[in-house]
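Note: the block below is input14.txt and it holds compact mmCIF, N, CA and C atoms.
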# COMPACT_ATOMS: atom_id res chain seq x y z
N GLY A 3 -13.61 16.40 20.36
CA GLY A 3 -12.57 15.39 20.27
C GLY A 3 -12.69 14.36 21.37
N ALA A 4 -12.36 13.11 21.06
CA ALA A 4 -12.56 12.02 22.00
C ALA A 4 -11.66 12.11 23.22
N LEU A 5 -10.37 12.16 23.00
CA LEU A 5 -9.45 12.06 24.13
C LEU A 5 -9.09 13.42 24.73
N GLY A 6 -9.96 14.39 24.49
CA GLY A 6 -9.79 15.67 25.15
C GLY A 6 -8.77 16.60 24.55
N VAL A 7 -7.94 16.10 23.63
CA VAL A 7 -6.90 16.95 23.04
C VAL A 7 -7.39 17.41 21.68
N SER A 8 -7.28 18.71 21.42
CA SER A 8 -7.66 19.23 20.10
C SER A 8 -6.40 19.61 19.34
N LEU A 9 -6.16 18.91 18.25
CA LEU A 9 -4.98 19.16 17.43
C LEU A 9 -5.40 19.72 16.08
N ARG A 10 -4.65 20.70 15.60
CA ARG A 10 -4.90 21.24 14.27
C ARG A 10 -4.33 20.29 13.22
N ILE A 11 -4.77 20.45 11.99
CA ILE A 11 -4.37 19.54 10.91
C ILE A 11 -2.85 19.48 10.75
N ASN A 12 -2.16 20.63 10.89
CA ASN A 12 -0.69 20.62 10.74
C ASN A 12 -0.02 19.79 11.83
N ASP A 13 -0.54 19.89 13.06
CA ASP A 13 0.03 19.13 14.18
C ASP A 13 -0.11 17.63 13.94
N VAL A 14 -1.30 17.23 13.50
CA VAL A 14 -1.56 15.81 13.27
C VAL A 14 -0.69 15.29 12.13
N ALA A 15 -0.65 16.05 11.04
CA ALA A 15 0.14 15.64 9.88
C ALA A 15 1.61 15.48 10.26
N GLN A 16 2.11 16.45 11.00
CA GLN A 16 3.51 16.41 11.41
C GLN A 16 3.78 15.24 12.35
N ALA A 17 2.90 15.03 13.32
CA ALA A 17 3.08 13.95 14.30
C ALA A 17 3.07 12.57 13.64
N ALA A 18 2.29 12.45 12.55
CA ALA A 18 2.17 11.14 11.90
C ALA A 18 3.07 11.01 10.67
N GLY A 19 3.73 12.11 10.30
CA GLY A 19 4.64 12.05 9.15
C GLY A 19 3.94 11.96 7.81
N VAL A 20 2.80 12.62 7.68
CA VAL A 20 2.11 12.70 6.39
C VAL A 20 1.87 14.17 6.07
N ASN A 21 1.44 14.47 4.85
CA ASN A 21 1.10 15.85 4.56
C ASN A 21 -0.40 16.08 4.71
N ARG A 22 -0.80 17.33 4.69
CA ARG A 22 -2.21 17.68 4.93
C ARG A 22 -3.14 17.09 3.88
N GLU A 23 -2.68 17.07 2.62
CA GLU A 23 -3.52 16.53 1.55
C GLU A 23 -3.79 15.05 1.78
N THR A 24 -2.76 14.34 2.21
CA THR A 24 -2.91 12.91 2.50
C THR A 24 -3.92 12.71 3.62
N LEU A 25 -3.80 13.53 4.65
CA LEU A 25 -4.71 13.45 5.79
C LEU A 25 -6.15 13.69 5.34
N ARG A 26 -6.37 14.70 4.52
CA ARG A 26 -7.72 14.99 4.02
C ARG A 26 -8.24 13.85 3.15
N TYR A 27 -7.34 13.28 2.35
CA TYR A 27 -7.71 12.16 1.48
C TYR A 27 -8.17 10.96 2.31
N TYR A 28 -7.40 10.63 3.35
CA TYR A 28 -7.77 9.50 4.22
C TYR A 28 -9.12 9.75 4.88
N GLU A 29 -9.37 11.01 5.21
CA GLU A 29 -10.65 11.40 5.80
C GLU A 29 -11.78 11.13 4.82
N ARG A 30 -11.60 11.57 3.56
CA ARG A 30 -12.61 11.34 2.53
C ARG A 30 -12.85 9.86 2.30
N ARG A 31 -11.78 9.07 2.39
CA ARG A 31 -11.90 7.62 2.19
C ARG A 31 -12.51 6.91 3.39
N GLY A 32 -12.68 7.62 4.49
CA GLY A 32 -13.26 7.02 5.68
C GLY A 32 -12.27 6.27 6.54
N LEU A 33 -10.97 6.41 6.26
CA LEU A 33 -9.95 5.75 7.07
C LEU A 33 -9.82 6.46 8.41
N ILE A 34 -10.03 7.76 8.39
CA ILE A 34 -9.98 8.56 9.61
C ILE A 34 -11.35 9.20 9.80
N GLU A 35 -11.83 9.15 11.03
CA GLU A 35 -13.15 9.71 11.29
C GLU A 35 -13.15 11.22 11.08
N GLN A 36 -14.29 11.75 10.65
CA GLN A 36 -14.42 13.19 10.44
C GLN A 36 -14.14 13.91 11.75
N PRO A 37 -13.24 14.90 11.73
CA PRO A 37 -12.91 15.60 12.97
C PRO A 37 -13.99 16.63 13.32
N ASP A 38 -13.98 17.05 14.58
CA ASP A 38 -14.83 18.17 14.97
C ASP A 38 -14.27 19.42 14.31
N ARG A 39 -15.07 20.49 14.32
CA ARG A 39 -14.62 21.77 13.77
C ARG A 39 -14.62 22.83 14.86
N SER A 40 -13.64 23.72 14.78
CA SER A 40 -13.61 24.85 15.70
C SER A 40 -14.68 25.85 15.26
N PRO A 41 -15.03 26.81 16.12
CA PRO A 41 -16.00 27.82 15.69
C PRO A 41 -15.56 28.53 14.40
N GLY A 42 -14.25 28.59 14.16
CA GLY A 42 -13.74 29.22 12.95
C GLY A 42 -13.70 28.28 11.75
N GLY A 43 -14.13 27.05 11.95
CA GLY A 43 -14.19 26.09 10.84
C GLY A 43 -12.94 25.25 10.65
N HIS A 44 -11.96 25.38 11.56
CA HIS A 44 -10.75 24.56 11.45
C HIS A 44 -11.01 23.15 11.96
N ARG A 45 -10.38 22.18 11.29
CA ARG A 45 -10.51 20.79 11.74
C ARG A 45 -9.78 20.64 13.08
N LEU A 46 -10.42 19.96 14.01
CA LEU A 46 -9.82 19.69 15.32
C LEU A 46 -9.79 18.18 15.55
N TYR A 47 -8.58 17.63 15.60
CA TYR A 47 -8.40 16.18 15.73
C TYR A 47 -8.05 15.83 17.17
N ASP A 48 -8.17 14.53 17.49
CA ASP A 48 -7.70 14.05 18.79
C ASP A 48 -6.51 13.11 18.54
N GLU A 49 -5.93 12.63 19.63
CA GLU A 49 -4.75 11.76 19.53
C GLU A 49 -5.04 10.48 18.74
N ARG A 50 -6.30 10.05 18.74
CA ARG A 50 -6.67 8.81 18.03
C ARG A 50 -6.38 8.94 16.53
N ALA A 51 -6.54 10.15 16.00
CA ALA A 51 -6.27 10.38 14.58
C ALA A 51 -4.79 10.13 14.27
N VAL A 52 -3.92 10.60 15.16
CA VAL A 52 -2.48 10.38 14.98
C VAL A 52 -2.18 8.89 15.01
N GLN A 53 -2.78 8.20 15.97
CA GLN A 53 -2.55 6.75 16.10
C GLN A 53 -3.04 6.02 14.85
N THR A 54 -4.23 6.38 14.35
CA THR A 54 -4.77 5.74 13.16
C THR A 54 -3.86 5.98 11.96
N LEU A 55 -3.35 7.20 11.82
CA LEU A 55 -2.43 7.50 10.72
C LEU A 55 -1.17 6.64 10.80
N ARG A 56 -0.66 6.46 12.00
CA ARG A 56 0.54 5.63 12.18
C ARG A 56 0.24 4.18 11.83
N ILE A 57 -0.97 3.72 12.16
CA ILE A 57 -1.39 2.36 11.82
C ILE A 57 -1.46 2.20 10.30
N ILE A 58 -2.03 3.21 9.63
CA ILE A 58 -2.15 3.18 8.17
C ILE A 58 -0.76 3.08 7.54
N LYS A 59 0.17 3.92 8.00
CA LYS A 59 1.52 3.91 7.44
C LYS A 59 2.23 2.58 7.70
N ALA A 60 2.05 2.03 8.89
CA ALA A 60 2.67 0.74 9.21
C ALA A 60 2.12 -0.35 8.30
N ALA A 61 0.81 -0.35 8.10
CA ALA A 61 0.18 -1.37 7.25
C ALA A 61 0.65 -1.22 5.80
N GLN A 62 0.84 0.02 5.35
CA GLN A 62 1.35 0.23 4.00
C GLN A 62 2.78 -0.29 3.87
N ARG A 63 3.58 -0.14 4.93
CA ARG A 63 4.94 -0.68 4.89
C ARG A 63 4.94 -2.20 4.85
N LEU A 64 3.84 -2.81 5.30
CA LEU A 64 3.69 -4.26 5.21
C LEU A 64 3.19 -4.67 3.83
N GLY A 65 2.96 -3.68 2.96
CA GLY A 65 2.56 -3.99 1.59
C GLY A 65 1.07 -3.97 1.35
N PHE A 66 0.28 -3.57 2.33
CA PHE A 66 -1.17 -3.55 2.15
C PHE A 66 -1.58 -2.31 1.34
N THR A 67 -2.54 -2.48 0.44
CA THR A 67 -3.09 -1.36 -0.31
C THR A 67 -3.99 -0.56 0.62
N LEU A 68 -4.36 0.65 0.20
CA LEU A 68 -5.25 1.47 1.04
C LEU A 68 -6.59 0.80 1.25
N ASP A 69 -7.11 0.12 0.22
CA ASP A 69 -8.37 -0.61 0.40
C ASP A 69 -8.22 -1.69 1.46
N GLU A 70 -7.11 -2.41 1.43
CA GLU A 70 -6.87 -3.47 2.42
C GLU A 70 -6.70 -2.86 3.81
N VAL A 71 -6.01 -1.72 3.89
CA VAL A 71 -5.84 -1.04 5.17
C VAL A 71 -7.19 -0.62 5.72
N ALA A 72 -8.04 -0.06 4.84
CA ALA A 72 -9.38 0.38 5.26
C ALA A 72 -10.15 -0.80 5.84
N GLU A 73 -10.03 -1.94 5.19
CA GLU A 73 -10.73 -3.15 5.66
C GLU A 73 -10.20 -3.60 7.02
N LEU A 74 -8.88 -3.60 7.17
CA LEU A 74 -8.28 -3.98 8.45
C LEU A 74 -8.75 -3.06 9.58
N ILE A 75 -8.79 -1.76 9.28
CA ILE A 75 -9.22 -0.78 10.30
C ILE A 75 -10.68 -0.99 10.64
N GLU A 76 -11.50 -1.20 9.60
CA GLU A 76 -12.94 -1.39 9.81
C GLU A 76 -13.22 -2.65 10.63
N VAL A 77 -12.56 -3.75 10.26
CA VAL A 77 -12.73 -5.00 11.00
C VAL A 77 -12.27 -4.82 12.45
N GLY A 78 -11.14 -4.10 12.61
CA GLY A 78 -10.64 -3.83 13.96
C GLY A 78 -11.63 -3.03 14.79
N ARG A 79 -12.29 -2.06 14.15
CA ARG A 79 -13.29 -1.25 14.86
C ARG A 79 -14.48 -2.11 15.28
N ARG A 80 -14.92 -2.97 14.36
CA ARG A 80 -16.09 -3.81 14.65
C ARG A 80 -15.80 -4.84 15.74
N ARG A 81 -14.65 -5.48 15.62
CA ARG A 81 -14.31 -6.55 16.57
C ARG A 81 -13.66 -6.03 17.84
N GLY A 82 -13.33 -4.76 17.85
CA GLY A 82 -12.64 -4.24 19.02
C GLY A 82 -11.20 -4.70 19.07
N ARG A 83 -10.41 -4.30 18.07
CA ARG A 83 -8.96 -4.50 17.99
C ARG A 83 -8.50 -5.72 17.19
N ASP A 84 -9.24 -6.84 17.18
CA ASP A 84 -8.75 -8.01 16.45
C ASP A 84 -9.10 -7.86 14.97
N SER A 85 -8.12 -7.53 14.15
CA SER A 85 -8.40 -7.25 12.74
C SER A 85 -8.00 -8.38 11.80
N GLY A 86 -7.66 -9.55 12.35
CA GLY A 86 -7.29 -10.68 11.49
C GLY A 86 -5.99 -10.45 10.75
N LEU A 87 -5.07 -9.70 11.38
CA LEU A 87 -3.82 -9.34 10.70
C LEU A 87 -2.97 -10.56 10.37
N GLN A 88 -2.95 -11.56 11.25
CA GLN A 88 -2.13 -12.75 11.00
C GLN A 88 -2.49 -13.42 9.68
N ALA A 89 -3.78 -13.68 9.48
CA ALA A 89 -4.23 -14.36 8.25
C ALA A 89 -3.93 -13.50 7.04
N ARG A 90 -4.19 -12.19 7.15
CA ARG A 90 -3.96 -11.30 6.01
C ARG A 90 -2.48 -11.14 5.72
N ALA A 91 -1.67 -11.10 6.77
CA ALA A 91 -0.23 -10.98 6.57
C ALA A 91 0.31 -12.22 5.87
N GLN A 92 -0.25 -13.39 6.21
CA GLN A 92 0.15 -14.64 5.57
C GLN A 92 -0.17 -14.60 4.08
N GLU A 93 -1.38 -14.15 3.74
CA GLU A 93 -1.78 -14.01 2.33
C GLU A 93 -0.86 -13.02 1.61
N LYS A 94 -0.61 -11.89 2.26
CA LYS A 94 0.22 -10.84 1.65
C LYS A 94 1.63 -11.35 1.41
N LEU A 95 2.15 -12.15 2.35
CA LEU A 95 3.49 -12.71 2.21
C LEU A 95 3.56 -13.61 0.97
N LEU A 96 2.55 -14.45 0.77
CA LEU A 96 2.52 -15.32 -0.41
C LEU A 96 2.48 -14.49 -1.69
N GLU A 97 1.67 -13.43 -1.66
CA GLU A 97 1.54 -12.52 -2.80
C GLU A 97 2.89 -11.86 -3.12
N VAL A 98 3.58 -11.39 -2.07
CA VAL A 98 4.87 -10.72 -2.23
C VAL A 98 5.92 -11.70 -2.76
N GLU A 99 5.91 -12.92 -2.24
CA GLU A 99 6.88 -13.92 -2.70
C GLU A 99 6.64 -14.28 -4.16
N ALA A 100 5.38 -14.34 -4.58
CA ALA A 100 5.06 -14.61 -5.99
C ALA A 100 5.55 -13.45 -6.86
N ARG A 101 5.34 -12.21 -6.39
CA ARG A 101 5.82 -11.04 -7.15
C ARG A 101 7.33 -11.05 -7.24
N MET A 102 8.01 -11.46 -6.14
CA MET A 102 9.47 -11.51 -6.14
C MET A 102 9.97 -12.56 -7.13
N ALA A 103 9.26 -13.69 -7.23
CA ALA A 103 9.64 -14.73 -8.18
C ALA A 103 9.50 -14.19 -9.61
N ASP A 104 8.39 -13.45 -9.86
CA ASP A 104 8.19 -12.85 -11.18
C ASP A 104 9.30 -11.84 -11.48
N LEU A 105 9.65 -11.03 -10.49
CA LEU A 105 10.72 -10.04 -10.69
C LEU A 105 12.06 -10.72 -10.91
N ALA A 106 12.31 -11.82 -10.23
CA ALA A 106 13.57 -12.56 -10.42
C ALA A 106 13.65 -13.08 -11.86
N ALA A 107 12.51 -13.54 -12.39
CA ALA A 107 12.48 -14.04 -13.77
C ALA A 107 12.76 -12.88 -14.74
N ILE A 108 12.16 -11.73 -14.47
CA ILE A 108 12.39 -10.54 -15.30
C ILE A 108 13.87 -10.15 -15.25
N ARG A 109 14.45 -10.15 -14.04
CA ARG A 109 15.87 -9.82 -13.88
C ARG A 109 16.73 -10.77 -14.70
N ASP A 110 16.44 -12.08 -14.62
CA ASP A 110 17.23 -13.07 -15.36
C ASP A 110 17.11 -12.84 -16.86
N ASN A 111 15.90 -12.51 -17.35
CA ASN A 111 15.71 -12.23 -18.77
C ASN A 111 16.48 -10.98 -19.20
N LEU A 112 16.46 -9.96 -18.34
CA LEU A 112 17.20 -8.72 -18.65
C LEU A 112 18.70 -8.98 -18.72
N ARG A 113 19.19 -9.76 -17.75
CA ARG A 113 20.63 -10.08 -17.75
C ARG A 113 21.01 -10.86 -19.00
N ALA A 114 20.14 -11.83 -19.38
CA ALA A 114 20.41 -12.64 -20.57
C ALA A 114 20.43 -11.75 -21.82
N ALA A 115 19.49 -10.81 -21.90
CA ALA A 115 19.43 -9.90 -23.06
C ALA A 115 20.68 -9.02 -23.11
N LEU A 116 21.10 -8.53 -21.95
CA LEU A 116 22.31 -7.70 -21.90
C LEU A 116 23.55 -8.51 -22.27
N ASP A 117 23.65 -9.72 -21.71
CA ASP A 117 24.81 -10.58 -21.98
C ASP A 117 24.89 -10.95 -23.45
N ALA A 118 23.72 -11.17 -24.07
CA ALA A 118 23.69 -11.58 -25.48
C ALA A 118 23.84 -10.39 -26.42
N GLY A 119 23.79 -9.19 -25.85
CA GLY A 119 23.93 -7.99 -26.68
C GLY A 119 22.70 -7.69 -27.52
N CYS A 120 21.54 -8.21 -27.14
CA CYS A 120 20.31 -7.96 -27.88
C CYS A 120 20.06 -6.46 -27.97
N ASP A 121 19.79 -5.98 -29.21
CA ASP A 121 19.58 -4.55 -29.37
C ASP A 121 18.36 -4.25 -30.24
N ASP A 122 17.74 -5.28 -30.79
CA ASP A 122 16.59 -5.09 -31.68
C ASP A 122 15.63 -6.25 -31.48
N LEU A 123 14.48 -5.97 -30.91
CA LEU A 123 13.52 -7.05 -30.61
C LEU A 123 13.04 -7.76 -31.88
N HIS A 124 12.91 -7.01 -33.00
CA HIS A 124 12.46 -7.64 -34.24
C HIS A 124 13.50 -8.65 -34.74
N GLN A 125 14.76 -8.26 -34.64
CA GLN A 125 15.84 -9.14 -35.06
C GLN A 125 15.91 -10.36 -34.13
N CYS A 126 15.77 -10.11 -32.83
CA CYS A 126 15.82 -11.20 -31.84
C CYS A 126 14.69 -12.20 -32.05
N ALA A 127 13.52 -11.69 -32.42
CA ALA A 127 12.35 -12.56 -32.57
C ALA A 127 12.54 -13.59 -33.67
N THR A 128 13.37 -13.24 -34.66
CA THR A 128 13.58 -14.16 -35.79
C THR A 128 14.86 -14.97 -35.64
N SER A 129 15.56 -14.76 -34.52
CA SER A 129 16.83 -15.46 -34.32
C SER A 129 16.63 -16.63 -33.37
N ASN A 130 17.25 -17.76 -33.70
CA ASN A 130 17.15 -18.94 -32.84
C ASN A 130 18.07 -18.85 -31.63
N CYS A 131 19.10 -18.04 -31.74
CA CYS A 131 20.09 -18.01 -30.66
C CYS A 131 19.79 -16.95 -29.60
N CYS A 132 18.71 -16.18 -29.78
CA CYS A 132 18.39 -15.15 -28.80
C CYS A 132 17.85 -15.79 -27.53
N PRO A 133 18.35 -15.38 -26.36
CA PRO A 133 17.92 -15.98 -25.10
C PRO A 133 16.57 -15.46 -24.59
N LEU A 134 16.03 -14.41 -25.24
CA LEU A 134 14.77 -13.85 -24.74
C LEU A 134 13.61 -14.80 -24.97
N PRO A 135 12.69 -14.86 -24.00
CA PRO A 135 11.55 -15.78 -24.10
C PRO A 135 10.43 -15.20 -24.97
N PHE A 136 10.49 -15.45 -26.28
CA PHE A 136 9.43 -14.94 -27.16
C PHE A 136 8.20 -15.82 -27.09
N VAL A 137 8.37 -17.05 -26.63
CA VAL A 137 7.24 -17.93 -26.39
C VAL A 137 7.04 -18.02 -24.88
N GLU A 138 5.83 -17.79 -24.43
CA GLU A 138 5.54 -17.81 -22.99
C GLU A 138 5.64 -19.24 -22.47
N ILE A 139 6.49 -19.41 -21.47
CA ILE A 139 6.61 -20.72 -20.82
C ILE A 139 5.93 -20.58 -19.47
N THR A 140 4.81 -21.27 -19.30
CA THR A 140 4.07 -21.13 -18.05
C THR A 140 4.54 -22.17 -17.06
N THR A 141 4.96 -21.65 -15.92
CA THR A 141 5.41 -22.55 -14.86
C THR A 141 4.37 -22.62 -13.74
N ARG A 142 3.54 -21.55 -13.67
CA ARG A 142 2.49 -21.55 -12.64
C ARG A 142 1.14 -21.73 -13.27
N ASN A 143 0.13 -21.93 -12.45
CA ASN A 143 -1.24 -22.08 -12.92
C ASN A 143 -1.66 -20.84 -13.71
N ALA A 144 -2.54 -21.06 -14.67
CA ALA A 144 -3.00 -19.95 -15.50
C ALA A 144 -3.78 -18.93 -14.66
N ASP A 145 -4.42 -19.38 -13.59
CA ASP A 145 -5.24 -18.46 -12.79
C ASP A 145 -4.42 -17.76 -11.71
N ALA A 146 -3.12 -17.96 -11.68
CA ALA A 146 -2.29 -17.34 -10.63
C ALA A 146 -2.15 -15.85 -10.88
Would you mind writing the file's structure down as structure tokens?
Amino acid sequence: GALGVSLRINDVAQAAGVNRETLRYYERRGLIEQPDRSPGGHRLYDERAVQTLRIIKAAQRLGFTLDEVAELIEVGRRRGRDSGLQARAQEKLLEVEARMADLAAIRDNLRAALDAGCDDLHQCATSNCCPLPFVEITTRNADA
């Protein structure tokens, strides 16, 4: 272990707030470096593993996918800490705001359907007074 401390898988999982299966999965994905093994074959982690797990969880709370998290960690390792988080967070924010706009449109359509008492999509499709959007109205670019 790097920082001199040998932690068992349960200790690391508990300290980082994940379960053992998640920890093993991250290991297989290369997000966490392969730990040393005890003579009995138990995984022995160092404090860096706990820190990396906390980084992964924080990045996921920012909305990053595991692939994106892996990339951020890899870039951080190569550059020595600077992982380009500002630029990626800016992109992620735009992505999240676009998803929120889509969800707001869905919410408005659902409210309209409920208010109008729509109960049969086939009937609604042939009715002129139904508020549901049976024809797609594109407000954003087709490639969005």
Glu35 (chain A) surroundings by only C-alpha atoms, 10 Å radius, close-in-sequence under 4 positions cut, as a PyMOL selection string: chain A and resi 28-31+47+50-51+54
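Put simply, CA of Ser8 (chain A) is 6.4 Å away from atom C of Asp48 (chain A).
A straight line drawn from atom C of Asp110 (chain A) to atom C of Ala127 (chain A) is 17.4 Å long.
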Members of region 4-136 of chain A assigned alpha helix (DSSP H) by DSSP, as a VMD selection string: chain A and resid 11 to 18 22 to 30 49 to 63 68 to 81 87 to 118 123 to 127
Using the file's own x, y and z axes, so that the box edges lie along x, y and z, what centre and edge lengths in Å (one decimal) does a box around every listed atom of region 71-74 of chain A get when 8 Å is added on each side? Give it as AutoDock Vina command-line options.
--center_x -8.3 --center_y -1.8 --center_z 6.7 --size_x 20.9 --size_y 20.4 --size_z 21.7
Residues within 12 Å of Arg45 (chain A), only C-alpha atoms, excluding chain neighbours under 4 positions, as an NGL selection string: :A and (3 or 8-15 or 22 or 25-26 or 29 or 35-41 or 51)
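When atom N of Thr24 (chain A) is paired with CA of Leu74 (chain A), their separation reads 20.1 Å.
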All residues 8 Å or closer to region 86-97 of chain A, all atoms listed in the file, same chain fewer than 5 positions away omitted, as an MDAnalysis selection string: chainID A and resid 64:66 74 77:78 102:103
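Each of A:Asp122, A:Val7, A:Ala18, A:Arg79 was compared to Glu49 (chain A) using all atoms listed in the file, and A:Val7 turns out to be the nearest.
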